[in-house]
Amino acid sequence: MATTSVATAQQSNFANRILHGDCIEVMRQMPANSIDFILTDPPYLVNYRDRGGRTIQNDLDESWLKPAMAEAYRVLKQDRIAVMFYGWTKVDSFFEAWRSAGFQPVGHIVFRKSYSSKSRFLRYQHEQAFLLAKGRPPLPKQPLGDVMEMPYSGNKLHPTQKPIPALVPLIRSFTLQGESVLDLFAGSGSTCAAALLTGRTYTGVEMDDAYFQQASERLIRVDQRVAAKRSSGSGIPTRV
Ligand SMILES: C[S@@+](CC[C@H](N)C(=O)[O-])C[C@H]1O[C@@H](n2cnc3c(N)ncnc32)[C@H](O)[C@@H]1O
């Protein structure tokens, strides 16, 4: 059974842990070619602040972008996939960072939201992510459509919390049971929770003290619920 603990970057075993720190530094300590799938939601570089005043670290200065993508590429196994959300206003910066790291774009996903996050020239009601390859990953037997629904997460734990039901199909499509999933910008731990719920191992990295705490506590709750569901023989919980 997976266990969650507050860990430091010095630990050699990164499986089933939320690590507190800068993802560039943490990934530098991870072995090359050790991760089966990356699913991550970096700061969009938009200086976001929600109605409650919550903000996101590194959401303005993009100096982290290239080194973080270079490390993500290094730790991902050869012939595997990364899915990375991004802010469309900074698509040129993200794309340059992915390309210079070595990633090849092999798909683009639009996540349709039932609400608009902003209204200006358009009502902005989708999120987006690139599907990025390291090498030549095998094709999935039943490829997902590249337009997906994204229900509202409620953003209780994090101002830009991604809903677990939008993440689970991606993890299932690009990994097998027991394989490893990395989220280098873990926030409240949504990707890590989705990985644990689907029987994969997770590694999350979060630098913000409060969000790190939220993610750590959340993964303990998810772990307990998965264990309880397993012992009662019922299905996996999706709202955690
Ligand atoms: C867009 S949010 C991720 C939200 C997450 N998907 C969720 O569902 O909660 C990006 C997160 O990356 C964190 N972050 C920013 N720069 C970082 C870095 N260099 N290393 C680790 N975490 C970082 C921020 O604190 C923020 O919580």
# chains A, B, ... in the order shown; residues from 1 in each chain; ligands from 1

call {"tool": "residues_around", "arguments": {"residues": "region 54-67 of chain A", "least_positions_apart": "5", "cutoff": "12 Å", "atoms": "only C-alpha atoms", "output": "PyMOL selection string"}}
result
chain A and resi 21-28+41-49+72-74+86-87+90-103+155-161+184-188+206-211

call {"tool": "residues_around", "arguments": {"residues": "Asp183 (chain A)", "least_positions_apart": "4", "cutoff": "8 Å", "atoms": "only C-alpha atoms", "output": "ChimeraX atom specification"}}
result
/A:38-41,191-192,202-205

call {"tool": "closest_residue", "arguments": {"among": "A:Lys118, A:Lys141, A:Lys134, A:His20", "to": "Val75 (chain A)", "atoms": "only C-alpha atoms"}}
result
A:Lys134

call {"tool": "closest_residue", "arguments": {"among": "A:Val181, A:Thr89, A:Asp36, A:Ala82", "to": "Tyr124 (chain A)", "atoms": "only C-alpha atoms"}}
result
A:Thr89

call {"tool": "residues_around", "arguments": {"residues": "Glu127 (chain A)", "least_positions_apart": "4", "cutoff": "12 Å", "atoms": "only C-alpha atoms", "output": "PyMOL selection string"}}
result
chain A and resi 41+44+84-89+108-118+146-152+160+162-163+166

call {"tool": "atom_distance", "arguments": {"atom1": "CA of Glu71 (chain A)", "atom2": "CA of Leu139 (chain A)"}}
result
24.3 Å

call {"tool": "select_by_dssp", "arguments": {"residues": "chain A", "states": "helix (DSSP H, G or I)", "output": "ChimeraX atom specification"}}
result
/A:23-28,65-75,88-101,164-174,190-197,209-232

call {"tool": "atom_distance", "arguments": {"atom1": "atom 16 (N, counted along the ligand's line) of ligand 1", "atom2": "CA of Ser190 (chain A)"}}
result
15.7 Å

call {"tool": "atom_distance", "arguments": {"atom1": "CA of Gly189 (chain A)", "atom2": "CA of Ala215 (chain A)"}}
result
4.6 Å

call {"tool": "select_by_dssp", "arguments": {"residues": "region 63-157 of chain A", "states": "strand (DSSP E or B)", "output": "MDAnalysis selection string"}}
result
chainID A and resid 76:85 104:113 118:119 123:124 126:134 147:150

call {"tool": "closest_residue", "arguments": {"among": "A:Ala133, A:Thr175, A:Ala227, A:Ile18", "to": "ligand 1", "atoms": "only C-alpha atoms and all ligand atoms"}}
result
A:Ile18

call {"tool": "residues_around", "arguments": {"residues": "Gly107 (chain A)", "least_positions_apart": "5", "cutoff": "10 Å", "atoms": "only C-alpha atoms", "output": "ChimeraX atom specification"}}
result
/A:83,129-133,146
